[in-house]
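Q: My structure is in structure_5.cif, and what it holds is mmCIF, C-alpha atoms:
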data_input
loop_
_atom_site.group_PDB
_atom_site.id
_atom_site.type_symbol
_atom_site.label_atom_id
_atom_site.label_comp_id
_atom_site.auth_asym_id
_atom_site.auth_seq_id
_atom_site.Cartn_x
_atom_site.Cartn_y
_atom_site.Cartn_z
ATOM 1 C CA MET A 284 181.524 234.630 -18.655
ATOM 2 C CA SER A 285 183.372 231.424 -17.760
ATOM 3 C CA ARG A 286 182.155 229.226 -14.968
ATOM 4 C CA PRO A 287 184.450 228.682 -11.970
ATOM 5 C CA LEU A 288 186.562 225.551 -12.198
ATOM 6 C CA ARG A 289 185.005 222.420 -10.673
ATOM 7 C CA ILE A 290 187.515 219.681 -9.956
ATOM 8 C CA GLN A 291 185.872 216.297 -9.608
ATOM 9 C CA TYR A 292 187.252 212.872 -8.802
ATOM 10 C CA LYS A 293 186.151 209.879 -6.781
ATOM 11 C CA ASN A 294 186.219 210.292 -2.996
ATOM 12 C CA ALA A 295 186.847 214.047 -3.138
ATOM 13 C CA TRP A 296 185.876 216.388 -0.278
ATOM 14 C CA TYR A 297 184.275 219.794 -0.729
ATOM 15 C CA HIS A 298 183.122 222.765 1.267
ATOM 16 C CA VAL A 299 180.168 224.049 -0.749
ATOM 17 C CA MET A 300 178.468 227.409 -0.257
ATOM 18 C CA ASN A 301 175.737 229.420 -1.916
ATOM 19 C CA ARG A 302 174.043 232.685 -1.045
ATOM 20 C CA GLY A 303 170.704 234.235 -1.875
ATOM 21 C CA ARG A 304 170.573 236.543 -4.876
ATOM 22 C CA ARG A 305 171.481 240.084 -3.734
ATOM 23 C CA ARG A 306 171.893 238.538 -0.274
ATOM 24 C CA GLU A 307 168.154 237.970 -0.081
ATOM 25 C CA THR A 308 166.636 235.507 2.388
ATOM 26 C CA THR A 309 166.699 231.890 1.216
ATOM 27 C CA PHE A 310 164.976 230.440 4.285
ATOM 28 C CA LYS A 311 161.979 232.521 5.351
ATOM 29 C CA ASP A 312 160.605 230.247 8.068
ATOM 30 C CA ASP A 313 161.108 226.937 9.869
ATOM 31 C CA ILE A 314 159.346 225.002 7.121
ATOM 32 C CA ASP A 315 161.859 226.251 4.541
ATOM 33 C CA PHE A 316 164.735 225.011 6.687
ATOM 34 C CA GLU A 317 162.996 221.650 7.112
ATOM 35 C CA ILE A 318 162.349 221.345 3.369
ATOM 36 C CA PHE A 319 166.031 221.896 2.571
ATOM 37 C CA ILE A 320 167.238 219.446 5.224
ATOM 38 C CA LYS A 321 164.814 216.755 3.997
ATOM 39 C CA LEU A 322 165.997 217.416 0.440
ATOM 40 C CA LEU A 323 169.605 216.971 1.580
ATOM 41 C CA GLN A 324 168.737 213.698 3.274
ATOM 42 C CA ASP A 325 166.836 212.254 0.312
ATOM 43 C CA SER A 326 169.328 213.487 -2.274
ATOM 44 C CA SER A 327 172.360 212.152 -0.418
ATOM 45 C CA LEU A 328 170.877 208.665 -0.732
ATOM 46 C CA GLN A 329 169.746 209.150 -4.318
ATOM 47 C CA TRP A 330 173.113 210.449 -5.546
ATOM 48 C CA GLY A 331 175.440 208.466 -3.265
ATOM 49 C CA VAL A 332 176.884 211.569 -1.606
ATOM 50 C CA ASN A 333 177.992 211.709 2.039
ATOM 51 C CA ILE A 334 176.905 214.805 3.971
ATOM 52 C CA VAL A 335 179.470 215.273 6.733
ATOM 53 C CA ALA A 336 178.221 218.637 7.991
ATOM 54 C CA TYR A 337 175.816 221.412 7.055
ATOM 55 C CA CYS A 338 174.703 224.787 8.344
ATOM 56 C CA LEU A 339 171.736 226.696 6.949
ATOM 57 C CA MET A 340 171.801 230.431 7.601
ATOM 58 C CA PRO A 341 168.939 232.830 6.785
ATOM 59 C CA ASN A 342 170.442 233.926 3.460
ATOM 60 C CA HIS A 343 173.017 231.229 2.629
ATOM 61 C CA TYR A 344 174.157 227.693 3.367
ATOM 62 C CA HIS A 345 177.330 225.702 4.015
ATOM 63 C CA LEU A 346 177.761 222.010 3.176
ATOM 64 C CA PHE A 347 180.727 219.739 3.740
ATOM 65 C CA ILE A 348 180.376 216.729 1.477
ATOM 66 C CA HIS A 349 182.247 213.649 0.281
ATOM 67 C CA THR A 350 181.636 212.381 -3.261
ATOM 68 C CA PRO A 351 182.553 208.697 -3.772
ATOM 69 C CA LEU A 352 181.154 208.892 -7.327
ATOM 70 C CA ALA A 353 182.769 212.169 -8.473
ATOM 71 C CA ASN A 354 179.363 213.770 -9.027
ATOM 72 C CA LEU A 355 179.550 217.122 -7.236
ATOM 73 C CA SER A 356 178.047 219.123 -10.111
ATOM 74 C CA ARG A 357 175.093 216.811 -10.650
ATOM 75 C CA PHE A 358 174.325 216.662 -6.945
ATOM 76 C CA MET A 359 174.486 220.417 -6.400
ATOM 77 C CA ARG A 360 172.522 221.194 -9.537
ATOM 78 C CA HIS A 361 169.781 218.939 -8.163
ATOM 79 C CA ILE A 362 169.872 220.505 -4.671
ATOM 80 C CA ASP A 363 169.761 224.127 -5.812
ATOM 81 C CA GLY A 364 167.258 223.475 -8.586
ATOM 82 C CA VAL A 365 164.757 221.444 -6.585
ATOM 83 C CA TYR A 366 164.906 223.716 -3.534
ATOM 84 C CA THR A 367 164.382 226.812 -5.702
ATOM 85 C CA GLN A 368 161.296 225.203 -7.247
ATOM 86 C CA ARG A 369 159.854 224.286 -3.850
ATOM 87 C CA PHE A 370 160.679 227.687 -2.337
ATOM 88 C CA ASN A 371 159.076 229.571 -5.222
ATOM 89 C CA ARG A 372 155.988 227.356 -5.190
ATOM 90 C CA LYS A 373 155.530 227.783 -1.432
ATOM 91 C CA HIS A 374 156.019 231.554 -1.412
ATOM 92 C CA LYS A 375 154.300 232.173 -4.775
ATOM 93 C CA LEU A 376 157.454 233.556 -6.386
ATOM 94 C CA ASP A 377 159.405 232.800 -9.540
ATOM 95 C CA GLY A 378 162.879 233.258 -10.908
ATOM 96 C CA GLN A 379 166.333 232.759 -9.492
ATOM 97 C CA LEU A 380 166.719 232.242 -5.739
ATOM 98 C CA PHE A 381 170.492 231.906 -5.378
ATOM 99 C CA ARG A 382 173.067 234.387 -6.656
ATOM 100 C CA GLY A 383 174.354 231.904 -9.218
ATOM 101 C CA ARG A 384 176.252 228.659 -9.258
ATOM 102 C CA TYR A 385 177.492 227.463 -5.905
ATOM 103 C CA LYS A 386 181.034 228.097 -4.669
ATOM 104 C CA SER A 387 183.036 224.957 -3.922
ATOM 105 C CA VAL A 388 186.414 224.475 -2.260
ATOM 106 C CA LEU A 389 188.232 221.187 -2.792
ATOM 107 C CA VAL A 390 189.538 220.156 0.635
ATOM 108 C CA GLU A 391 192.478 217.981 1.614
ATOM 109 C CA GLU A 392 190.963 215.340 3.878
ATOM 110 C CA SER A 393 193.784 214.497 6.248
ATOM 111 C CA ASN A 394 194.701 218.037 7.303
ATOM 112 C CA TYR A 395 191.504 220.039 7.043
ATOM 113 C CA LEU A 396 188.414 217.829 7.415
ATOM 114 C CA LEU A 397 188.047 218.333 11.170
ATOM 115 C CA GLU A 398 188.733 222.053 10.994
ATOM 116 C CA LEU A 399 186.126 222.570 8.276
ATOM 117 C CA VAL A 400 183.442 220.727 10.234
ATOM 118 C CA ARG A 401 184.192 222.916 13.244
ATOM 119 C CA TYR A 402 184.204 226.066 11.082
ATOM 120 C CA ILE A 403 180.791 225.198 9.639
ATOM 121 C CA HIS A 404 179.237 224.420 13.011
ATOM 122 C CA PHE A 405 180.534 227.693 14.466
ATOM 123 C CA ASN A 406 179.085 229.797 11.642
ATOM 124 C CA PRO A 407 175.918 230.836 13.551
ATOM 125 C CA VAL A 408 178.064 231.914 16.528
ATOM 126 C CA LYS A 409 180.303 234.060 14.318
ATOM 127 C CA SER A 410 177.150 235.638 12.868
ATOM 128 C CA ASN A 411 175.796 236.387 16.378
ATOM 129 C CA LEU A 412 172.678 234.264 15.924
ATOM 130 C CA VAL A 413 173.446 232.106 18.977
ATOM 131 C CA ASP A 414 176.116 232.079 21.667
ATOM 132 C CA THR A 415 176.946 228.358 21.348
ATOM 133 C CA PRO A 416 176.868 226.101 18.250
ATOM 134 C CA GLU A 417 174.609 223.465 19.811
ATOM 135 C CA LYS A 418 171.832 226.020 20.328
ATOM 136 C CA TYR A 419 171.419 226.527 16.598
ATOM 137 C CA ARG A 420 168.597 224.380 15.198
ATOM 138 C CA TRP A 421 169.521 224.393 11.533
ATOM 139 C CA SER A 422 172.944 222.789 11.444
ATOM 140 C CA SER A 423 174.220 219.223 11.640
ATOM 141 C CA ILE A 424 175.466 219.864 15.166
ATOM 142 C CA GLN A 425 172.040 218.531 16.147
ATOM 143 C CA ASN A 426 172.883 215.246 14.418
ATOM 144 C CA TYR A 427 176.226 215.057 16.214
ATOM 145 C CA GLN A 428 174.532 215.556 19.585
ATOM 146 C CA ILE A 429 171.845 212.900 19.189
ATOM 147 C CA ASN A 430 172.764 209.302 18.404
ATOM 148 C CA SER A 431 169.692 207.756 16.778
ATOM 149 C CA LYS A 432 168.750 206.046 13.520
ATOM 150 C CA SER A 433 166.980 209.191 12.301
ATOM 151 C CA ASN A 434 170.329 211.024 12.420
ATOM 152 C CA ASN A 435 172.419 208.347 10.725
ATOM 153 C CA TRP A 436 172.169 209.977 7.294
ATOM 154 C CA ILE A 437 174.849 212.447 8.408
ATOM 155 C CA ALA A 438 178.267 210.831 7.860
ATOM 156 C CA LYS A 439 179.557 211.525 11.370
ATOM 157 C CA ASN A 440 181.859 208.512 11.459
ATOM 158 C CA PHE A 441 184.391 210.237 9.202
ATOM 159 C CA VAL A 442 184.837 212.825 11.951
ATOM 160 C CA PHE A 443 184.656 210.398 14.877
ATOM 161 C CA GLN A 444 187.290 208.139 13.318
ATOM 162 C CA LEU A 445 189.718 211.016 12.759
ATOM 163 C CA LEU A 446 189.225 212.052 16.368
ATOM 164 C CA GLY A 447 189.818 208.465 17.485
ATOM 165 C CA LEU A 448 186.530 208.366 19.363
ATOM 166 C CA LYS A 449 185.130 205.059 20.598
ATOM 167 C CA GLU A 450 181.460 204.093 20.737
ATOM 168 C CA ASN A 451 180.749 205.568 24.164
ATOM 169 C CA TYR A 452 180.404 209.321 24.643
ATOM 170 C CA LYS A 453 181.169 210.253 21.028
ATOM 171 C CA SER A 454 178.848 213.261 21.099
ATOM 172 C CA LYS A 455 180.288 214.710 24.312
ATOM 173 C CA LYS A 456 183.851 214.253 23.084
ATOM 174 C CA TYR A 457 183.029 215.875 19.758
ATOM 175 C CA LEU A 458 181.663 218.930 21.586
ATOM 176 C CA SER A 459 184.902 219.042 23.576
ATOM 177 C CA PHE A 460 186.857 219.133 20.303
ATOM 178 C CA LEU A 461 184.457 221.740 18.904
ATOM 179 C CA TYR A 462 185.366 224.260 21.597
ATOM 180 C CA GLN A 463 189.087 224.053 21.002
ATOM 181 C CA ASP A 464 190.481 227.071 19.179
ATOM 182 C CA ALA A 465 190.424 226.707 15.402
ATOM 183 C CA PRO A 466 193.658 227.542 13.543
ATOM 184 C CA ASP A 467 193.803 231.158 12.339
ATOM 185 C CA GLU A 468 194.576 229.970 8.813
ATOM 186 C CA ILE A 469 191.023 228.609 8.405
ATOM 187 C CA TYR A 470 189.418 231.990 9.051
ATOM 188 C CA ALA A 471 192.111 233.791 7.074
ATOM 189 C CA PHE A 472 191.373 231.514 4.101
ATOM 190 C CA TYR A 473 187.686 232.514 4.016
ATOM 191 C CA GLU A 474 188.178 236.201 4.793
ATOM 192 C CA LYS A 475 189.894 236.801 1.458
ATOM 193 C CA GLU A 476 187.869 238.513 -1.240
ATOM 194 C CA ASN A 477 188.546 235.740 -3.758
ATOM 195 C CA ILE A 478 188.491 232.358 -2.047
ATOM 196 C CA LYS A 479 190.865 229.839 -3.601
ATOM 197 C CA PRO A 480 189.306 226.677 -5.119
ATOM 198 C CA ILE A 481 191.641 224.347 -3.184
ATOM 199 C CA MET A 482 192.348 224.145 0.545
ATOM 200 C CA GLY A 483 195.330 221.975 1.309
ATOM 201 C CA SER A 484 199.056 221.615 1.659
ATOM 202 C CA LYS A 485 201.430 222.519 -1.153
ATOM 203 C CA ILE A 486 201.895 218.811 -1.785
ATOM 204 C CA PHE A 487 198.119 218.337 -2.208
ATOM 205 C CA GLN A 488 197.778 221.382 -4.461
ATOM 206 C CA THR A 489 200.665 220.178 -6.616
ATOM 207 C CA TRP A 490 199.113 216.697 -6.855
ATOM 208 C CA VAL A 491 195.773 218.149 -7.988
ATOM 209 C CA LYS A 492 197.425 220.321 -10.641
ATOM 210 C CA GLU A 493 199.528 217.436 -11.939
ATOM 211 C CA GLU A 494 196.571 215.054 -12.071
ATOM 212 C CA LEU A 495 194.431 217.705 -13.717
ATOM 213 C CA SER A 496 197.005 218.476 -16.382
ATOM 214 C CA ALA A 497 197.461 214.779 -17.031
ATOM 215 C CA GLY A 498 193.723 214.360 -17.537
ATOM 216 C CA LYS A 499 193.433 211.798 -14.751
ATOM 217 C CA ILE A 500 190.765 213.722 -12.878
ATOM 218 C CA ASN A 501 187.691 215.408 -14.242
ATOM 219 C CA SER A 502 187.150 219.147 -14.209
ATOM 220 C CA GLU A 503 184.432 221.274 -15.688
ATOM 221 C CA ILE A 504 186.052 223.644 -18.114
ATOM 222 C CA PRO A 505 184.619 227.065 -19.057
ATOM 223 C CA GLU A 506 181.098 226.897 -20.394
ATOM 224 C CA SER A 507 182.066 228.561 -23.664
ATOM 225 C CA ASN A 508 184.165 225.494 -24.532
ATOM 226 C CA PHE A 509 182.031 222.711 -23.138
ATOM 227 C CA PHE A 510 178.504 221.529 -23.901
ATOM 228 C CA THR A 511 176.798 218.423 -22.631
ATOM 229 C CA PRO A 512 174.667 216.535 -25.141
ATOM 230 C CA SER A 513 170.901 216.702 -24.791
ATOM 231 C CA LEU A 514 168.818 213.592 -24.163
ATOM 232 C CA ASP A 515 167.546 213.904 -27.731
ATOM 233 C CA ASP A 516 171.131 213.945 -29.033
ATOM 234 C CA ILE A 517 171.971 210.781 -27.112
ATOM 235 C CA LEU A 518 168.812 208.982 -28.258
ATOM 236 C CA ALA A 519 169.445 209.926 -31.885
ATOM 237 C CA SER A 520 173.080 208.791 -31.724
ATOM 238 C CA VAL A 521 172.180 205.414 -30.211
ATOM 239 C CA CYS A 522 169.511 204.835 -32.835
ATOM 240 C CA MET A 523 171.887 205.750 -35.635
ATOM 241 C CA LYS A 524 174.617 203.529 -34.196
ATOM 242 C CA TYR A 525 172.396 200.470 -33.950
ATOM 243 C CA GLN A 526 170.147 201.269 -36.915
ATOM 244 C CA ILE A 527 166.929 201.213 -34.887
ATOM 245 C CA LYS A 528 163.931 203.517 -34.555
ATOM 246 C CA GLN A 529 163.520 205.818 -31.587
ATOM 247 C CA GLU A 530 160.204 204.184 -30.736
ATOM 248 C CA GLN A 531 162.056 200.931 -30.061
ATOM 249 C CA VAL A 532 164.098 202.667 -27.363
ATOM 250 C CA LEU A 533 161.338 204.751 -25.813
ATOM 251 C CA LYS A 534 158.651 202.066 -25.754
ATOM 252 C CA VAL A 535 158.260 200.181 -22.486
ATOM 253 C CA ARG A 536 157.406 196.471 -22.539
ATOM 254 C CA ARG A 537 157.006 194.713 -19.235
ATOM 255 C CA GLY A 538 159.061 191.573 -18.900
ATOM 256 C CA VAL A 539 160.833 192.181 -22.220
ATOM 257 C CA SER A 540 164.554 192.965 -22.225
ATOM 258 C CA ASN A 541 165.514 196.110 -24.124
ATOM 259 C CA ILE A 542 169.299 196.427 -24.236
ATOM 260 C CA HIS A 543 169.313 199.554 -26.380
ATOM 261 C CA ARG A 544 166.953 201.318 -23.980
ATOM 262 C CA ASP A 545 169.213 200.407 -21.048
ATOM 263 C CA LEU A 546 172.318 201.660 -22.849
ATOM 264 C CA THR A 547 170.626 204.920 -23.808
ATOM 265 C CA ILE A 548 169.516 205.518 -20.217
ATOM 266 C CA TYR A 549 173.062 204.755 -19.070
ATOM 267 C CA LEU A 550 174.505 207.360 -21.453
ATOM 268 C CA CYS A 551 171.885 209.929 -20.434
ATOM 269 C CA ARG A 552 172.817 209.492 -16.788
ATOM 270 C CA PHE A 553 176.580 209.713 -17.213
ATOM 271 C CA LEU A 554 176.922 212.226 -20.054
ATOM 272 C CA THR A 555 174.494 214.833 -18.733
ATOM 273 C CA GLU A 556 173.612 216.449 -15.422
ATOM 274 C CA LYS A 557 170.045 215.140 -15.574
ATOM 275 C CA ASN A 558 168.889 213.412 -12.409
ATOM 276 C CA LEU A 559 166.977 210.125 -12.281
ATOM 277 C CA LEU A 560 163.604 211.843 -12.153
ATOM 278 C CA GLU A 561 164.324 213.947 -15.244
ATOM 279 C CA ILE A 562 165.592 210.923 -17.165
ATOM 280 C CA GLY A 563 162.604 208.911 -15.996
ATOM 281 C CA THR A 564 160.215 211.561 -17.298
ATOM 282 C CA TYR A 565 161.954 211.481 -20.679
ATOM 283 C CA PHE A 566 161.621 207.704 -20.829
ATOM 284 C CA LYS A 567 157.979 207.780 -19.664
ATOM 285 C CA THR A 568 158.470 206.462 -16.153
ATOM 286 C CA GLN A 569 158.422 208.177 -12.750
ATOM 287 C CA LYS A 570 160.084 205.362 -10.812
ATOM 288 C CA TYR A 571 163.692 205.881 -9.686
ATOM 289 C CA SER A 572 164.113 202.112 -9.474
ATOM 290 C CA THR A 573 163.243 201.608 -13.147
ATOM 291 C CA ILE A 574 165.971 204.009 -14.257
ATOM 292 C CA SER A 575 168.558 202.860 -11.726
ATOM 293 C CA ASN A 576 167.972 199.193 -12.626
ATOM 294 C CA ALA A 577 168.442 200.010 -16.310
ATOM 295 C CA ILE A 578 171.746 201.697 -15.489
ATOM 296 C CA ILE A 579 172.877 198.697 -13.443
ATOM 297 C CA ARG A 580 172.029 196.313 -16.290
ATOM 298 C CA ALA A 581 173.847 198.515 -18.800
ATOM 299 C CA LYS A 582 176.965 198.779 -16.633
ATOM 300 C CA SER A 583 177.022 195.031 -16.197
ATOM 301 C CA LEU A 584 176.686 194.455 -19.940
ATOM 302 C CA ILE A 585 179.422 196.976 -20.745
ATOM 303 C CA SER A 586 181.834 195.388 -18.272
ATOM 304 C CA GLU A 587 181.168 191.856 -19.540
ATOM 305 C CA ASN A 588 180.884 192.437 -23.288
ATOM 306 C CA LYS A 589 183.953 193.925 -25.020
ATOM 307 C CA LYS A 590 182.010 194.637 -28.214
ATOM 308 C CA VAL A 591 179.380 196.656 -26.371
ATOM 309 C CA LYS A 592 182.072 198.463 -24.376
ATOM 310 C CA THR A 593 183.791 199.499 -27.608
ATOM 311 C CA GLU A 594 180.488 200.659 -29.103
ATOM 312 C CA ILE A 595 179.657 202.770 -26.042
ATOM 313 C CA ASN A 596 183.116 204.331 -26.067
ATOM 314 C CA GLU A 597 182.633 205.209 -29.737
ATOM 315 C CA LEU A 598 179.276 206.813 -28.926
ATOM 316 C CA VAL A 599 180.818 208.877 -26.143
ATOM 317 C CA ILE A 600 183.544 210.135 -28.468
ATOM 318 C CA THR A 601 181.023 210.915 -31.226
ATOM 319 C CA LEU A 602 178.740 212.852 -28.869
ATOM 320 C CA SER A 603 181.674 214.745 -27.379
ATOM 321 C CA LYS A 604 183.008 215.791 -30.770
ATOM 322 C CA SER A 605 179.590 216.821 -32.056
ATOM 323 C CA GLN A 606 178.992 219.076 -29.044
ATOM 324 C CA ARG A 607 182.322 220.863 -29.372
ATOM 325 C CA LYS A 608 181.323 221.919 -32.890
ATOM 326 C CA ILE A 609 178.259 223.792 -31.658
#
Show me, as structure tokens, the structure contained in the file I just sent.

A:
Amino acid sequence: MSRPLRIQYKNAWYHVMNRGRRRETTFKDDIDFEIFIKLLQDSSLQWGVNIVAYCLMPNHYHLFIHTPLANLSRFMRHIDGVYTQRFNRKHKLDGQLFRGRYKSVLVEESNYLLELVRYIHFNPVKSNLVDTPEKYRWSSIQNYQINSKSNNWIAKNFVFQLLGLKENYKSKKYLSFLYQDAPDEIYAFYEKENIKPIMGSKIFQTWVKEELSAGKINSEIPESNFFTPSLDDILASVCMKYQIKQEQVLKVRRGVSNIHRDLTIYLCRFLTEKNLLEIGTYFKTQKYSTISNAIIRAKSLISENKKVKTEINELVITLSKSQRKI
């Protein structure tokens, strides 16, 4: 069965949802909610994703996120995977927690950002869990109400700027906006049996389709036609390209520059959905900084050295072609 289309490009906006398998509970107690929120906070920094709003319901969640780095799939794979592991470990369970891959709706920023944030914050009210949004503990409405450093990880300024709010009384004015009637089209959009993958004007939808057909933006195509290379594949290809042994890439030497190791780590990060921890484990290190620094060095080298840039492009093409033959 083909995977749903994921359209990804820099600075895209998404409403992301996922539900428990067979509508089962995904948050059994307060600690589960807290674990997921802390995971969101840590992961948003790790992956460079802006969390604009969230709402965690007993058997599903809503996220509204902004992806400056066009990495929706990697981010969500990390969120769902890590939370499932922690949930299962805590409750002594195993197996799948969510019903499958998350549902994402690409959102047009200018026309729908504010309405989506309001829709998400009102979700507990619509589900009769509370009578007002601000009474619900497990949504980002709490972050919008309290202005402190501990709440700054929520990207509220996107919303405040669109509302034209000044420094003073932002929270009170946001609540005033929250209680205005939402357009019927927002609720009509989500009440359909098959939710469309794009929410936006006809102009926006046409732009996305044109850019997609022109190959200017990245989409995940059906799984039957697309395979990402494994870390082993990437390591083997780099070693073959530069005629070196795998041990030379995997071995760590303090204070000694290892360009081929840096380039391999770079390719692992940007050709697969592996997170920094998984790549670090493969390269025998548990430090995020070690992997991220290697990526930074590799990117700098690629941008400054035309020969290396050409070689990396050749490796990408080789790995892509080899995977399509599988």

Q: Given the file shown, determine the residues that the PyMOL selection byres ((chain A and resi 338) around 9) selects; report them as a PyMOL selection string.

A: chain A and resi 336-337+339-340+343-346+403-407+421-424

Q: Using the chain letters and numbering of this document, enumerate as a list of chain:residue names the residues selected by the PyMOL selection byres ((chain A and resi 328) around 12).

A: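 Given this file, the PyMOL selection byres ((chain A and resi 328) around 12) evaluates to A:Lys321, A:Leu322, A:Leu323, A:Gln324, A:Asp325, A:Ser326, A:Ser327, A:Gln329, A:Trp330, A:Gly331, A:Val332, A:Asn333, A:Ile334, A:Thr350, A:Phe358, A:Asn435, A:Trp436, A:Ile437, A:Ala438, A:Tyr571.
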
Q: So what do you get for CA of Ser520 (chain A) versus CA of Gly563 (chain A), distance-wise?

A: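 Distance reported for this atom pair: 18.9 Å.
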
Q: Report as a Markdown table: every residue of region 362-425 of chain A with an atom at most 8 Å from region 467-483 of chain A, its closest pair of atoms, and their distance in Å to one decimal, counting only C-alpha atoms, with rows sorted by chain and ascending residue number.

A:
| residue | atom | partner | partner_atom | distance |
| --- | --- | --- | --- | --- |
| A:Ser387 | CA | A:Pro480 | CA | 6.6 |
| A:Val388 | CA | A:Pro480 | CA | 4.6 |
| A:Leu389 | CA | A:Ile481 | CA | 4.7 |
| A:Val390 | CA | A:Met482 | CA | 4.9 |
| A:Glu391 | CA | A:Gly483 | CA | 4.9 |
| A:Asn394 | CA | A:Gly483 | CA | 7.2 |
| A:Tyr395 | CA | A:Gly483 | CA | 7.2 |
| A:Glu398 | CA | A:Ile469 | CA | 7.4 |
| A:Leu399 | CA | A:Ile469 | CA | 7.8 |
| A:Tyr402 | CA | A:Ile469 | CA | 7.8 |

Q: From the options A:Arg420, A:Lys528, A:Arg369, A:Lys293, which residue's atoms come nearest to Thr309 (chain A), counting all atoms listed in the file?

A: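 Closest to Thr309 (chain A), using all atoms listed in the file: A:Arg369.
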
Q: Choose the residue, out of A:Leu397, A:Val365, A:Leu560, A:Ile517, that has the smallest atom-to-atom separation from Gly447 (chain A); count only C-alpha atoms.

A: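 Among the listed residues, A:Leu397 lies closest to Gly447 (chain A).
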
Q: Evaluate the PyMOL selection byres ((chain A and resi 491) around 12) against this structure - the residues, as a ChimeraX atom specification, please.

A: /A:289-292,295,389-391,480-490,492-502

Q: Suppose you want the space between CA of Ser583 (chain A) and CA of Asn294 (chain A); what is it in Å?

A: 22.2 Å

Q: Go ahead and compute the interatomic distance for CA of Trp296 (chain A) and CA of Leu445 (chain A), in Å to one decimal.

A: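 Pair CA of Trp296 (chain A) / CA of Leu445 (chain A) returns 14.6 Å.
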
Q: Which one of A:Phe441, A:Phe319, A:Tyr419, A:Tyr427 sits closest to His349 (chain A) if you count only C-alpha atoms?

A: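 Result for the nearest residue to His349 (chain A): A:Phe441.
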
Q: Skip Ser459 (chain A) itself and residues of its chain fewer than 2 positions away, then list as a list of chain:residue names all residues within 12 Å of it, counting all atoms listed in the file.

A: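 Answer for this query is A:Arg401, A:Pro416, A:Glu417, A:Gln428, A:Leu446, A:Leu448, A:Tyr452, A:Lys453, A:Ser454, A:Lys455, A:Lys456, A:Tyr457, A:Leu461, A:Tyr462, A:Gln463, A:Asp464.
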
Q: Env of region 531-545 of chain A: 10 Å cut, atoms = all atoms listed in the file, seq-sep filter 4 positions within chain, self excluded. Answer as an MDAnalysis selection string.

A: chainID A and resid 518 521:522 525 527 549:551 565:568 573:582 584

Q: Please determine, counting all atoms listed in the file, which residue among A:Lys557, A:Ile348, A:Ser586, A:Asp363 has the shortest atom-to-atom distance to Lys439 (chain A).

A: A:Ile348

Q: Find the smallest box with edges along x, y and z containing every listed atom of region 362-379 of chain A, then add 4 Å on each side and report centre and edge lengths in Å to one decimal, as AutoDock Vina command-line options.

A:
--center_x 162.1 --center_y 227.0 --center_z -6.2 --size_x 23.6 --size_y 21.1 --size_z 17.5
